[in-house]
Each structure stands twice: as structure tokens, then as C-alpha cells.
>>> print(open('protein.csv').read())   # CSV, C-alpha atoms and all ligand atoms
chain,number,residue,atom,x,y,z
A,4,MET,CA,0.0,0.0,0.0
A,5,HIS,CA,1.2,3.5,-0.8
A,6,THR,CA,1.9,5.6,2.3
A,7,GLU,CA,2.8,9.3,2.6
A,8,ARG,CA,4.6,10.6,5.7
A,9,THR,CA,5.5,14.1,6.6
A,10,THR,CA,8.9,14.6,8.3
A,11,SER,CA,7.5,16.5,11.3
A,12,LYS,CA,6.9,14.7,14.6
A,13,PHE,CA,3.9,17.0,15.1
A,14,GLY,CA,0.5,16.2,13.9
A,15,ARG,CA,1.3,12.6,13.2
A,16,GLY,CA,-0.4,11.2,16.2
A,17,VAL,CA,0.6,10.1,19.7
A,18,ILE,CA,2.5,6.9,18.5
A,19,GLU,CA,4.9,8.8,16.3
A,20,HIS,CA,5.3,11.6,18.9
A,21,TYR,CA,5.9,9.3,21.9
A,22,ARG,CA,7.1,6.1,20.1
A,23,GLU,CA,10.0,5.4,22.6
A,24,TYR,CA,7.5,5.2,25.5
A,25,LEU,CA,5.1,2.9,23.8
A,26,PRO,CA,5.1,-0.8,23.1
A,27,VAL,CA,5.5,-0.5,19.3
A,28,ALA,CA,8.2,-1.9,17.0
A,29,GLU,CA,9.6,-0.2,13.8
A,30,SER,CA,7.5,-2.8,12.0
A,31,THR,CA,4.2,-2.0,13.7
A,32,ALA,CA,1.9,-0.4,11.2
A,33,VAL,CA,0.6,2.7,12.8
A,34,ILE,CA,-3.2,3.3,12.6
A,35,SER,CA,-3.6,7.0,13.4
A,36,LEU,CA,-5.9,9.8,12.7
A,37,SER,CA,-3.4,12.4,14.0
A,38,GLU,CA,-4.8,12.3,17.6
A,39,GLY,CA,-3.3,14.0,20.6
A,40,ASP,CA,-1.3,17.3,20.7
A,41,THR,CA,-4.4,18.8,22.2
A,42,PRO,CA,-4.5,22.4,23.5
A,43,LEU,CA,-3.6,23.0,27.2
A,44,VAL,CA,-5.6,26.2,27.5
A,45,PHE,CA,-4.8,28.7,30.2
A,46,CYS,CA,-8.2,29.9,31.5
A,47,PRO,CA,-8.1,33.4,32.8
A,48,GLN,CA,-11.7,33.6,34.0
A,49,LEU,CA,-11.6,30.2,35.6
A,50,SER,CA,-8.3,31.1,37.3
A,51,LYS,CA,-9.9,34.3,38.6
A,52,ARG,CA,-13.0,32.6,39.8
A,53,VAL,CA,-11.0,30.1,41.9
A,54,GLY,CA,-7.9,32.2,42.8
A,55,ARG,CA,-5.5,29.6,41.3
A,56,VAL,CA,-3.7,29.1,38.0
A,57,VAL,CA,-5.9,26.8,36.0
A,58,PHE,CA,-5.3,25.2,32.6
A,59,VAL,CA,-7.8,23.0,30.8
A,60,LYS,CA,-6.6,20.1,28.7
A,61,ASN,CA,-9.1,20.1,25.9
A,62,GLU,CA,-9.4,16.5,24.8
A,63,GLY,CA,-12.6,17.3,22.9
A,64,VAL,CA,-10.5,18.4,19.9
A,65,ASN,CA,-9.3,14.9,19.2
A,66,PRO,CA,-10.3,13.3,15.8
A,67,THR,CA,-13.5,11.7,17.1
A,68,GLY,CA,-14.0,14.4,19.8
A,69,SER,CA,-12.7,12.6,22.9
A,70,PHE,CA,-9.6,11.4,24.7
A,71,LYS,CA,-10.4,7.8,23.7
A,72,ASP,CA,-8.5,8.3,20.5
A,73,ARG,CA,-5.1,8.3,22.3
A,74,GLY,CA,-5.6,4.8,23.5
A,75,MET,CA,-7.5,3.6,20.4
A,76,THR,CA,-4.6,4.4,18.0
A,77,LEU,CA,-2.4,2.1,20.0
A,78,ALA,CA,-5.0,-0.6,20.7
A,79,VAL,CA,-6.0,-0.9,17.1
A,80,SER,CA,-2.5,-0.8,15.7
A,81,LYS,CA,-1.5,-3.6,18.1
A,82,ALA,CA,-4.7,-5.6,17.4
A,83,LYS,CA,-4.0,-5.4,13.7
A,84,GLU,CA,-0.4,-6.4,14.2
A,85,ARG,CA,-1.6,-9.5,16.0
A,86,GLY,CA,-3.8,-10.3,13.1
A,87,ALA,CA,-7.2,-9.3,14.4
A,88,THR,CA,-9.9,-8.9,11.8
A,89,ALA,CA,-12.6,-7.5,14.1
A,90,LEU,CA,-12.7,-5.4,17.3
A,91,ILE,CA,-15.3,-5.4,20.0
A,92,CYS,CA,-16.0,-2.9,22.8
A,93,ALA,CA,-18.7,-1.9,25.3
A,94,SER,CA,-19.3,1.7,25.6
A,95,THR,CA,-21.2,4.6,27.2
A,96,GLY,CA,-20.6,6.3,23.8
A,97,ASN,CA,-17.1,7.7,23.2
A,98,THR,CA,-15.2,4.4,23.2
A,99,SER,CA,-17.6,3.1,20.5
A,100,ALA,CA,-17.2,6.3,18.4
A,101,SER,CA,-13.4,6.0,18.6
A,102,ALA,CA,-13.2,2.3,18.0
A,103,ALA,CA,-15.5,2.5,15.0
A,104,ALA,CA,-13.3,5.3,13.5
A,105,TYR,CA,-10.0,3.5,14.0
A,106,ALA,CA,-11.4,0.2,12.8
A,107,ALA,CA,-12.5,1.9,9.6
A,108,ARG,CA,-9.0,3.4,9.2
A,109,ALA,CA,-7.5,-0.1,9.8
A,110,GLY,CA,-9.9,-1.8,7.4
A,111,ILE,CA,-11.3,-4.1,10.0
A,112,SER,CA,-14.8,-4.5,11.4
A,113,CYS,CA,-16.0,-3.3,14.8
A,114,VAL,CA,-18.8,-4.5,17.1
A,115,VAL,CA,-20.0,-2.1,19.7
A,116,ILE,CA,-22.3,-3.1,22.6
A,117,LEU,CA,-24.2,-0.2,24.1
A,118,PRO,CA,-26.8,0.3,26.9
A,119,ALA,CA,-30.0,0.9,25.0
A,120,GLY,CA,-31.3,4.5,25.2
A,121,LYS,CA,-28.4,5.7,27.2
A,122,ILE,CA,-26.0,6.9,24.5
A,123,ALA,CA,-25.7,10.6,23.7
A,124,THR,CA,-27.1,11.4,20.2
A,125,GLY,CA,-23.8,12.6,18.7
A,126,LYS,CA,-21.9,9.5,19.8
A,127,LEU,CA,-24.4,7.1,18.5
A,128,LEU,CA,-24.4,9.0,15.2
A,129,GLN,CA,-20.7,8.6,15.0
A,130,ALA,CA,-20.7,4.9,15.5
A,131,PHE,CA,-23.3,4.7,12.6
A,132,ALA,CA,-21.3,7.0,10.4
A,133,TYR,CA,-18.1,5.0,10.8
A,134,GLY,CA,-19.9,1.8,10.0
A,135,ALA,CA,-19.8,-0.1,13.2
A,136,LYS,CA,-22.0,-3.1,13.9
A,137,ILE,CA,-24.1,-1.7,16.7
A,138,VAL,CA,-25.9,-3.8,19.3
A,139,ALA,CA,-28.1,-2.1,21.9
A,140,ILE,CA,-28.7,-4.2,25.0
A,141,ASP,CA,-31.3,-4.1,27.7
A,142,GLY,CA,-28.8,-3.4,30.4
A,143,ASN,CA,-26.2,-0.8,31.5
A,144,PHE,CA,-22.5,-0.3,30.6
A,145,ASP,CA,-21.4,-2.8,33.3
A,146,ASP,CA,-23.6,-5.5,31.6
A,147,ALA,CA,-22.2,-4.6,28.2
A,148,LEU,CA,-18.6,-4.9,29.5
A,149,ARG,CA,-19.4,-8.3,31.0
A,150,LEU,CA,-20.7,-9.5,27.5
A,151,VAL,CA,-17.6,-8.1,25.8
A,152,ARG,CA,-15.3,-10.0,28.2
A,153,GLU,CA,-17.1,-13.2,27.4
A,154,LEU,CA,-17.2,-12.7,23.6
A,155,GLY,CA,-13.6,-11.5,23.6
A,156,GLU,CA,-12.4,-14.5,25.5
A,157,ALA,CA,-14.1,-16.8,23.1
A,158,GLY,CA,-11.6,-15.9,20.4
A,159,ASP,CA,-11.6,-13.8,17.3
A,160,LEU,CA,-12.8,-10.4,18.5
A,161,ALA,CA,-10.1,-8.1,19.9
A,162,ILE,CA,-11.3,-6.2,23.0
A,163,VAL,CA,-10.5,-2.5,22.8
A,164,ASN,CA,-12.0,-1.4,26.1
A,165,SER,CA,-9.5,0.0,28.7
A,166,ILE,CA,-9.1,-3.5,30.1
A,167,ASN,CA,-6.8,-3.8,27.1
A,168,PRO,CA,-3.4,-2.4,28.5
A,169,ASP,CA,-2.6,-0.8,25.1
A,170,ARG,CA,-5.5,1.6,25.7
A,171,ILE,CA,-4.0,2.8,29.0
A,172,ALA,CA,-0.5,3.0,27.4
A,173,GLY,CA,-1.8,5.2,24.6
A,174,GLN,CA,-3.8,7.4,27.0
A,175,LYS,CA,-0.8,8.2,29.2
A,176,THR,CA,0.6,10.4,26.4
A,177,ALA,CA,-1.8,13.1,27.7
A,178,ALA,CA,0.3,13.4,30.8
A,179,PHE,CA,3.5,13.6,28.8
A,180,GLU,CA,2.0,16.5,26.7
A,181,ILE,CA,1.1,18.4,29.8
A,182,VAL,CA,4.6,18.1,31.3
A,183,ASP,CA,6.1,18.9,27.9
A,184,VAL,CA,4.0,22.1,27.6
A,185,LEU,CA,4.2,23.3,31.2
A,186,GLY,CA,7.9,22.4,31.6
A,187,ASP,CA,6.9,20.4,34.8
A,188,ALA,CA,4.0,18.5,36.2
A,189,PRO,CA,1.1,20.5,37.6
A,190,ASP,CA,0.4,20.4,41.4
A,191,PHE,CA,-3.1,19.1,40.9
A,192,HIS,CA,-4.7,17.1,38.2
A,193,LEU,CA,-8.5,17.0,38.2
A,194,LEU,CA,-10.5,14.7,35.9
A,195,PRO,CA,-13.9,12.8,35.6
A,196,VAL,CA,-13.9,9.2,36.5
A,197,GLY,CA,-16.1,6.5,34.9
A,198,ASN,CA,-14.5,3.2,34.1
A,199,ALA,CA,-11.3,4.6,35.7
A,200,GLY,CA,-9.0,4.0,32.8
A,201,ASN,CA,-8.0,7.6,32.3
A,202,ILE,CA,-7.0,8.4,35.9
A,203,THR,CA,-4.9,5.2,35.7
A,204,ALA,CA,-3.3,6.2,32.5
A,205,TYR,CA,-2.5,9.8,33.6
A,206,TRP,CA,-0.9,8.6,36.8
A,207,ALA,CA,1.2,6.1,34.8
A,208,GLY,CA,2.3,8.8,32.5
A,209,TYR,CA,3.2,11.3,35.2
A,210,ARG,CA,5.1,8.6,37.1
A,211,GLU,CA,7.0,7.5,34.0
A,212,TYR,CA,8.1,11.0,33.1
A,213,HIS,CA,9.0,11.7,36.7
A,214,ALA,CA,11.2,8.6,36.9
A,215,LEU,CA,13.0,9.8,33.7
A,216,GLY,CA,13.6,13.2,35.2
A,217,ARG,CA,11.3,15.0,32.9
A,218,SER,CA,9.4,16.5,35.8
A,219,THR,CA,10.5,17.6,39.3
A,220,LYS,CA,7.2,16.6,41.0
A,221,LEU,CA,4.0,14.5,40.7
A,222,PRO,CA,0.5,16.0,40.9
A,223,ALA,CA,-2.2,15.0,43.3
A,224,MET,CA,-4.7,13.1,41.3
A,225,ILE,CA,-8.3,14.2,42.1
A,226,GLY,CA,-11.1,12.3,40.4
A,227,PHE,CA,-14.8,13.1,40.3
A,228,GLN,CA,-17.7,10.8,39.8
A,229,ALA,CA,-21.3,11.7,39.3
A,230,ALA,CA,-23.2,11.5,42.6
A,231,GLY,CA,-25.6,8.8,41.2
A,232,ALA,CA,-22.7,6.7,39.8
A,233,ALA,CA,-20.0,6.9,42.4
A,234,PRO,CA,-18.8,3.3,43.3
A,235,ILE,CA,-15.2,4.4,44.1
A,236,PHE,CA,-16.3,7.2,46.3
A,237,TYR,CA,-18.8,5.1,48.2
A,238,ASN,CA,-16.6,2.0,48.0
A,239,ARG,CA,-19.3,-0.3,46.7
A,240,ILE,CA,-20.8,-1.4,43.4
A,241,VAL,CA,-23.7,0.7,42.2
A,242,GLU,CA,-26.2,-1.6,40.7
A,243,GLN,CA,-28.3,1.1,39.0
A,244,PRO,CA,-26.1,4.0,38.2
A,245,GLU,CA,-27.9,7.2,37.1
A,246,THR,CA,-26.6,10.6,36.0
A,247,VAL,CA,-27.1,13.1,33.2
A,248,ALA,CA,-23.5,12.6,32.4
A,249,SER,CA,-24.1,9.4,30.5
A,250,ALA,CA,-20.4,8.9,29.6
A,251,ILE,CA,-19.7,8.2,33.3
A,252,ARG,CA,-22.8,6.2,34.1
A,253,ILE,CA,-20.8,3.3,35.4
A,254,GLY,CA,-21.4,1.3,38.6
A,255,ASN,CA,-18.5,-1.2,38.6
A,256,PRO,CA,-15.4,0.4,37.0
A,257,ALA,CA,-12.9,-2.0,35.4
A,258,SER,CA,-9.8,-0.1,36.7
A,259,TRP,CA,-11.2,0.5,40.2
A,260,LYS,CA,-8.1,-0.8,42.0
A,261,GLN,CA,-5.7,1.1,39.8
A,262,ALA,CA,-7.7,4.3,40.3
A,263,ARG,CA,-7.5,3.8,44.1
A,264,ALA,CA,-3.8,3.3,43.8
A,265,ALA,CA,-3.4,6.5,41.8
A,266,ILE,CA,-5.4,8.4,44.3
A,267,ASN,CA,-3.5,7.0,47.3
A,268,GLU,CA,0.0,7.1,45.9
A,269,SER,CA,-0.5,10.7,44.6
A,270,HIS,CA,-2.1,11.9,47.9
A,271,GLY,CA,-5.1,12.9,45.9
A,272,ALA,CA,-8.8,12.2,46.4
A,273,ILE,CA,-12.0,11.0,44.9
A,274,ASP,CA,-15.2,13.0,45.2
A,275,VAL,CA,-18.7,13.4,43.9
A,276,VAL,CA,-20.4,16.1,42.0
A,277,SER,CA,-24.2,16.4,41.5
A,278,ASP,CA,-25.9,16.5,38.1
A,279,GLU,CA,-26.8,20.1,38.8
A,280,GLU,CA,-23.2,21.0,39.6
A,281,ILE,CA,-22.1,19.2,36.4
A,282,LEU,CA,-24.5,21.1,34.1
A,283,ALA,CA,-23.8,24.4,35.8
A,284,ALA,CA,-20.0,23.9,35.3
A,285,GLN,CA,-20.7,23.0,31.6
A,286,THR,CA,-22.6,26.2,31.0
A,287,TRP,CA,-20.0,28.2,33.0
A,288,LEU,CA,-17.1,26.9,31.0
A,289,ALA,CA,-18.8,27.5,27.7
A,290,GLN,CA,-19.9,31.0,28.6
A,291,HIS,CA,-16.8,32.3,30.4
A,292,GLU,CA,-14.0,30.5,28.5
A,293,GLY,CA,-15.5,29.5,25.2
A,294,ILE,CA,-14.9,25.8,25.8
A,295,PHE,CA,-17.9,23.7,25.2
A,296,VAL,CA,-17.6,20.2,26.7
A,297,GLU,CA,-20.0,17.3,27.3
A,298,PRO,CA,-21.5,16.9,30.7
A,299,ALA,CA,-19.2,14.1,31.9
A,300,SER,CA,-16.2,16.4,31.0
A,301,ALA,CA,-17.6,19.2,33.0
A,302,ALA,CA,-17.3,17.0,36.2
A,303,SER,CA,-13.7,18.1,36.5
A,304,VAL,CA,-14.6,21.8,36.5
A,305,ALA,CA,-17.6,21.2,38.8
A,306,GLY,CA,-15.1,19.4,41.0
A,307,LEU,CA,-12.7,22.3,40.9
A,308,PHE,CA,-15.5,24.6,42.1
A,309,LYS,CA,-16.3,22.2,44.9
A,310,CYS,CA,-12.7,21.9,46.0
A,311,CYS,CA,-12.4,25.7,46.1
A,312,ASP,CA,-15.9,26.6,47.5
A,313,SER,CA,-17.1,23.8,49.7
A,314,LYS,CA,-16.0,22.7,53.2
A,315,ASP,CA,-17.5,19.3,52.4
A,316,ALA,CA,-15.0,18.6,49.5
A,317,ALA,CA,-12.9,15.5,49.8
A,318,TYR,CA,-9.9,17.8,48.9
A,319,SER,CA,-10.2,21.4,50.0
A,320,PHE,CA,-8.0,23.9,48.1
A,321,GLN,CA,-8.9,26.4,50.8
A,322,LYS,CA,-6.2,24.8,53.0
A,323,ILE,CA,-3.5,25.1,50.4
A,324,GLN,CA,-1.3,28.1,50.5
A,325,GLY,CA,0.6,29.9,47.7
A,326,GLN,CA,0.7,29.5,44.0
A,327,SER,CA,-0.2,26.1,42.5
A,328,ARG,CA,-0.9,25.0,39.0
A,329,ILE,CA,-4.1,23.1,38.4
A,330,VAL,CA,-4.9,21.1,35.2
A,331,CYS,CA,-8.5,20.0,34.6
A,332,THR,CA,-9.0,17.5,31.8
A,333,VAL,CA,-12.1,18.0,29.8
A,334,THR,CA,-12.6,14.7,28.1
A,335,GLY,CA,-15.1,15.1,25.3
A,336,HIS,CA,-16.7,17.7,23.0
A,337,GLY,CA,-20.0,19.4,23.8
A,338,LEU,CA,-21.5,18.7,20.4
A,339,LYS,CA,-21.6,15.0,21.2
A,340,ASP,CA,-24.3,15.4,23.7
A,341,PRO,CA,-26.7,18.1,22.7
A,342,ASP,CA,-29.9,16.8,24.4
A,343,VAL,CA,-29.8,18.8,27.6
A,344,ILE,CA,-28.9,22.1,25.8
A,345,ILE,CA,-31.5,21.5,23.2
A,346,GLY,CA,-34.0,21.3,26.1
A,347,GLN,CA,-32.8,24.6,27.4
A,348,MET,CA,-32.8,26.4,24.0
A,349,LYS,CA,-35.5,29.0,23.5
A,350,GLU,CA,-37.6,28.8,20.4
A,351,LEU,CA,-36.1,31.1,17.7
A,352,LYS,CA,-38.7,33.2,16.0
A,353,SER,CA,-37.7,34.8,12.8
A,354,VAL,CA,-37.9,38.6,12.4
A,355,PRO,CA,-38.1,40.7,9.2
A,356,ALA,CA,-34.7,41.2,7.5
A,357,THR,CA,-34.2,44.8,8.4
A,358,VAL,CA,-31.6,46.5,10.6
A,359,ASN,CA,-34.3,47.9,12.9
A,360,ASP,CA,-35.9,44.5,13.5
A,361,VAL,CA,-32.5,42.9,14.2
A,362,ARG,CA,-31.6,45.8,16.6
A,363,ARG,CA,-34.9,45.3,18.4
A,364,ALA,CA,-34.4,41.6,18.6
A,365,VAL,CA,-31.0,41.9,20.4
A,366,GLY,CA,-32.2,44.8,22.6
A,367,LEU,CA,-30.1,47.5,21.1
B,1,LIG,C1,-16.3,12.1,28.0
B,1,LIG,O1,-16.9,5.5,26.2
B,1,LIG,O2,-16.3,4.6,29.4
B,1,LIG,O3,-12.7,6.9,33.8
B,1,LIG,O4,-17.3,3.6,27.1
B,1,LIG,O5,-16.6,9.4,27.6
B,1,LIG,O6,-11.4,6.4,31.7
B,1,LIG,O7,-13.7,5.6,31.9
B,1,LIG,C2,-16.3,6.8,28.5
B,1,LIG,C3,-15.7,7.4,29.6
B,1,LIG,C4,-14.9,10.7,31.0
B,1,LIG,C5,-14.5,8.5,31.9
B,1,LIG,N1,-15.3,11.6,30.1
B,1,LIG,O8,-13.2,8.0,31.6
B,1,LIG,C6,-16.9,4.8,27.2
B,1,LIG,C7,-16.5,5.3,28.5
B,1,LIG,C8,-15.9,11.1,29.0
B,1,LIG,C9,-16.0,9.7,28.7
B,1,LIG,C10,-15.0,9.3,30.9
B,1,LIG,C11,-15.6,8.8,29.7
B,1,LIG,P1,-12.7,6.6,32.3
>>> encode(input="protein.csv", output="C-alpha cells", more="lines below")
Ligand code: AN7
Amino acid sequence: MHTERTTSKFGRGVIEHYREYLPVAESTAVISLSEGDTPLVFCPQLSKRVGRVVFVKNEGVNPTGSFKDRGMTLAVSKAKERGATALICASTGNTSASAAAYAARAGISCVVILPAGKIATGKLLQAFAYGAKIVAIDGNFDDALRLVRELGEAGDLAIVNSINPDRIAGQKTAAFEIVDVLGDAPDFHLLPVGNAGNITAYWAGYREYHALGRSTKLPAMIGFQAAGAAPIFYNRIVEQPETVASAIRIGNPASWKQARAAINESHGAIDVVSDEEILAAQTWLAQHEGIFVEPASAASVAGLFKCCDSKDAAYSFQKIQGQSRIVCTVTGHGLKDPDVIIGQMKELKSVPATVNDVRRAVGL
């Protein structure tokens, strides 16, 4: 097959950028959509609001609109290398969108198992568009993942959920990018937690870079679960998880132990945020910083507000003196999950096409 390669390391995806840290050989055919290298955006309004220096790592600008692409490029490249002809995953939406895209790129088929009626519109639309074989089950994500484990163990389907270590290895590149851009690790890293692969991956990335002397410190990892889907926080399986943040509607996370280890080793914390806090943070970030994220992603910002404002927070920033740098990962793009916002939108009535009517309409 004919291939074209540019000479730059940039814009060629996370495997080419961080090849030496990833389990790939020269001979591994890289399946990439130029994921990664996402903006670490300094947020002046957010920093002012909380009295700290805050950056947002905007993972919504990845090729399929979420952080999943970092792990998927590696998982699919390795699956193809091992001779897989079909992939399978369970998903709350974003994993399926990403798996479907990278499968298409690799020329292999993709089966996605989804909780019926619980996938945000944009994500389901993506899985269709990329040509995945979609199965909706009468059950939640945890049921879907159980089925995937059973089907994957049976043989010819390669599992690309984050129980596949290649996914975690690919996702750790987000921590590398943050250290490369800041010149050191931040003091605090806040992120949403669902199946707990991402917090596991970030912690692995920060530790690896630190061990190599690329950073002088390690951040405290602070994870946020939706209050109705918070098994790690409550330390028990949630049989019927519920939250408006459908991406993190997970009651029995696969990387539970690893997430606990990341939190304990980093002297971080796990906390909960309510659906109201999540949606308020989503609106706040869009309207004050111009960054529109999906509800699950806004959990990190809702969590930041909680750490700064509330005495009940598992981690109170009120006790921390001096300058510290905070990174909040926002994991997925707002356009993926338009349903809540559509509900809030006022009906748009047209006006005559005159300057005066337009002036009147906007209150000038
Ligand atoms: C936007 O797509 O689990 O804690 O199946 O889509 O690594 O699971 C998605 C998870 C946060 C939680 N933000 O990350 C799936 C899936 C968004 C997400 C998470 C997800 P993990």
C-alpha cells in the first residue's frame, strides 16, 4: 500500500510523537488519525474565579471528539499487528465512536455493545457513520462490558476497552504532553472518573516521566464521579447508576483498584459532584472560557469549584497556600451530547430582514 509521511513529529499522532515510551516496534503499522497534541488552554476567567492558576486540557478536539482516540490508536495498531480482523467494545458512547473510526481506518470491522437508550445522540451517530455493527442491550454499561469480556475470551474479536493495556499506554501520552508544555507536572490534576482507565493512564504517564527526570514533581490526582454513579467514592458497586453525564454512568469500574492506587499514591482524592453542579459547570465553562464540553467532562470543572468553595469537599483547596498550578482534563466535545442544551434552548422566532428589527431583537 502507498503511504505518505511528513517529516515532522507534530500532527502525526501520539504513537509517532511518543514512540519510545510505547510498546511499538519499527515494523508496527501505525493506525492513526493524528490524535493528541491537544491544547492546554490557560483559563483566565476560571483562574480568577477560583484564585488559582488553571489550565484546561481540551481533549474534545481529538479526531473523534474525545480522549479515547489516544488509547485507540495504540490498541487498534497492536490488534491489527496481532492479526485481528474484528474489534469489540462496550461503551457509554465515546469508546464506540473512537473504536469505530480507528477500525474503519484499519480496514477491520467493529462490534459495539451499548446500553439501549443511554448513549448521547452525537456519539451514536458517530458509530453509525463510521460503519460499526451496533448492538443495543437491555442493560447498563457494566452488563455490556461483561458481555464483551465473554465474547472476547471466546476468540476472534479483539477487545478495545480499557481492560486492554494498550489503551492505557496510549492514554498516558496526555500526561506527557502536559509536562512537555508546562515544563513540569502541575500540582493538581482533576478529571472525571467513569471506568477509571483515564486516571490510571494519567498517573502512569506522570510517574514514568518523573522517573525519567522529565518533571520535578508529581501531581495530586483528584477524580470526580457523578453522585448517582460513584462506586469508588462510596466504596461499593452501584447496581443502577444514574446521571445526566451518560459517559460516566458506570457502577462497577474495570480499573477500580488502579484508580484507588493512583489516588492514594499521589495523595489525591475521589469526590462526587451532582448533576446540577455538572450542568452548571458545563454552562459556566462555555460562557466564560469559550470551551464547550459534554456533561461528563464538566465534572472536572464542577469538582474544581467544589474543592475551592465547599467545606465538604474531599480535597479542600482552601487549606492550600501559595501558587499552585491546576490542570483540569475535559474529556469530550460538547456537540456530542446536545440533548440537555436543546431542552434549554429558547424557540427562535424569525424577524423581518431589516436593521431595525435585528436591533430590536437583540435589545439595542
Ligand atoms: C467524556 O466510552 O467509558 O474513567 O465507554 O466518555 O477512563 O472511563 C467513557 C468514559 C470521562 C471516563 N469523560 O473515563 C466509554 C466510556 C468522557 C467519557 C469518561 C468517559 P474513564
>>> closest_residue(input="protein.csv", among="A:Lys60, A:Arg252, A:Lys175, A:Arg170", to="Asn198 of chain A", atoms="all atoms listed in the file")
A:Arg252
>>> residues_near_ligand(input="protein.csv", ligand="ligand LIG 1 (chain B)", cutoff="8 Å", atoms="all atoms listed in the file", output="short mmCIF file (atom, residue, chain, number, x, y, z; two decimals) with C-alpha atoms, keeping the file's coordinate frame")
data_model
loop_
_atom_site.label_atom_id
_atom_site.label_comp_id
_atom_site.auth_asym_id
_atom_site.auth_seq_id
_atom_site.Cartn_x
_atom_site.Cartn_y
_atom_site.Cartn_z
CA SER A 69 -12.70 12.60 22.90
CA PHE A 70 -9.60 11.40 24.70
CA LYS A 71 -10.40 7.80 23.70
CA CYS A 92 -16.00 -2.90 22.80
CA ALA A 93 -18.70 -1.90 25.30
CA SER A 94 -19.30 1.70 25.60
CA THR A 95 -21.20 4.60 27.20
CA GLY A 96 -20.60 6.30 23.80
CA ASN A 97 -17.10 7.70 23.20
CA THR A 98 -15.20 4.40 23.20
CA SER A 99 -17.60 3.10 20.50
CA ALA A 100 -17.20 6.30 18.40
CA PHE A 144 -22.50 -0.30 30.60
CA ASN A 164 -12.00 -1.40 26.10
CA SER A 165 -9.50 0.00 28.70
CA LEU A 194 -10.50 14.70 35.90
CA PRO A 195 -13.90 12.80 35.60
CA VAL A 196 -13.90 9.20 36.50
CA GLY A 197 -16.10 6.50 34.90
CA ASN A 198 -14.50 3.20 34.10
CA ALA A 199 -11.30 4.60 35.70
CA GLY A 200 -9.00 4.00 32.80
CA ASN A 201 -8.00 7.60 32.30
CA ILE A 202 -7.00 8.40 35.90
CA THR A 203 -4.90 5.20 35.70
CA ALA A 250 -20.40 8.90 29.60
CA ILE A 251 -19.70 8.20 33.30
CA ILE A 253 -20.80 3.30 35.40
CA PRO A 256 -15.40 0.40 37.00
CA GLU A 297 -20.00 17.30 27.30
CA PRO A 298 -21.50 16.90 30.70
CA ALA A 299 -19.20 14.10 31.90
CA SER A 300 -16.20 16.40 31.00
CA VAL A 333 -12.10 18.00 29.80
CA THR A 334 -12.60 14.70 28.10
CA GLY A 335 -15.10 15.10 25.30
CA HIS A 336 -16.70 17.70 23.00
#
>>> closest_residue(input="protein.csv", among="A:Ser35, A:Gln285, A:Thr357, A:Asn61", to="Ala177 of chain A", atoms="only C-alpha atoms")
A:Asn61
>>> atom_distance(input="protein.csv", atom1="atom CA of Gly306 of chain A", atom2="atom CA of Val275 of chain A")
7.6 Å
>>> atom_distance(input="protein.csv", atom1="atom CA of Gly142 of chain A", atom2="atom CA of Tyr237 of chain A")
22.1 Å
>>> residues_around(input="protein.csv", residues="Ala87 of chain A", least_positions_apart="4", cutoff="7 Å", atoms="all atoms listed in the file", output="list in words")
Ala82, Lys83, Asp159 and Ala161 of chain A
>>> closest_residue(input="protein.csv", among="A:Ala89, A:Leu307, A:Val115, A:Leu282", to="Gln347 of chain A", atoms="all atoms listed in the file")
A:Leu282
>>> atom_distance(input="protein.csv", atom1="atom CA of Ile166 of chain A", atom2="atom CA of Ala265 of chain A")
16.4 Å
>>> residues_around(input="protein.csv", residues="Tyr209 of chain A", least_positions_apart="6", cutoff="7 Å", atoms="all atoms listed in the file", output="VMD selection string")
chain A and resid 178 to 179 221
>>> residues_around(input="protein.csv", residues="His270 of chain A", least_positions_apart="4", cutoff="8 Å", atoms="all atoms listed in the file", output="CSV table (one decimal) with C-alpha atoms, in the coordinates of the input")
chain,number,residue,atom,x,y,z
A,223,ALA,CA,-2.2,15.0,43.3
A,224,MET,CA,-4.7,13.1,41.3
A,266,ILE,CA,-5.4,8.4,44.3
>>> closest_residue(input="protein.csv", among="A:Thr88, A:Gln261, A:Asn267, A:Ser277", to="Val247 of chain A", atoms="all atoms listed in the file")
A:Ser277
>>> closest_residue(input="protein.csv", among="A:Ser30, A:Gln174, A:Ser269, A:Ser50", to="Cys331 of chain A", atoms="all atoms listed in the file")
A:Ser50
>>> decode(input="protein.csv", residues="segment 289-302 of chain A", atoms="N, CA and C atoms", output="mmCIF file, in the first residue's frame")
data_model
loop_
_atom_site.group_PDB
_atom_site.id
_atom_site.type_symbol
_atom_site.label_atom_id
_atom_site.label_comp_id
_atom_site.auth_asym_id
_atom_site.auth_seq_id
_atom_site.Cartn_x
_atom_site.Cartn_y
_atom_site.Cartn_z
ATOM 1 N N ALA A 289 -18.476 27.061 29.025
ATOM 2 C CA ALA A 289 -18.803 27.502 27.664
ATOM 3 C C ALA A 289 -18.931 29.019 27.614
ATOM 4 N N GLN A 290 -19.581 29.612 28.631
ATOM 5 C CA GLN A 290 -19.929 31.037 28.565
ATOM 6 C C GLN A 290 -18.848 31.960 29.118
ATOM 7 N N HIS A 291 -17.849 31.416 29.841
ATOM 8 C CA HIS A 291 -16.768 32.258 30.359
ATOM 9 C C HIS A 291 -15.425 31.995 29.694
ATOM 10 N N GLU A 292 -15.242 30.801 29.153
ATOM 11 C CA GLU A 292 -13.953 30.484 28.531
ATOM 12 C C GLU A 292 -14.086 30.067 27.072
ATOM 13 N N GLY A 293 -15.320 29.923 26.583
ATOM 14 C CA GLY A 293 -15.496 29.526 25.178
ATOM 15 C C GLY A 293 -15.131 28.076 24.910
ATOM 16 N N ILE A 294 -15.197 27.265 25.953
ATOM 17 C CA ILE A 294 -14.868 25.839 25.783
ATOM 18 C C ILE A 294 -16.129 25.032 26.092
ATOM 19 N N PHE A 295 -16.651 24.397 25.055
ATOM 20 C CA PHE A 295 -17.928 23.683 25.172
ATOM 21 C C PHE A 295 -17.641 22.186 25.270
ATOM 22 N N VAL A 296 -17.967 21.623 26.410
ATOM 23 C CA VAL A 296 -17.640 20.216 26.665
ATOM 24 C C VAL A 296 -18.918 19.440 26.975
ATOM 25 N N GLU A 297 -18.825 18.132 26.905
ATOM 26 C CA GLU A 297 -20.005 17.336 27.253
ATOM 27 C C GLU A 297 -20.153 17.269 28.777
ATOM 28 N N PRO A 298 -21.336 16.899 29.281
ATOM 29 C CA PRO A 298 -21.548 16.922 30.730
ATOM 30 C C PRO A 298 -20.499 16.151 31.527
ATOM 31 N N ALA A 299 -20.163 14.930 31.113
ATOM 32 C CA ALA A 299 -19.179 14.145 31.884
ATOM 33 C C ALA A 299 -17.873 14.918 32.048
ATOM 34 N N SER A 300 -17.470 15.619 31.001
ATOM 35 C CA SER A 300 -16.205 16.359 31.029
ATOM 36 C C SER A 300 -16.264 17.511 32.015
ATOM 37 N N ALA A 301 -17.453 18.100 32.126
ATOM 38 C CA ALA A 301 -17.615 19.232 33.036
ATOM 39 C C ALA A 301 -17.493 18.811 34.493
ATOM 40 N N ALA A 302 -17.499 17.510 34.764
ATOM 41 C CA ALA A 302 -17.338 17.035 36.151
ATOM 42 C C ALA A 302 -16.009 17.505 36.736
#
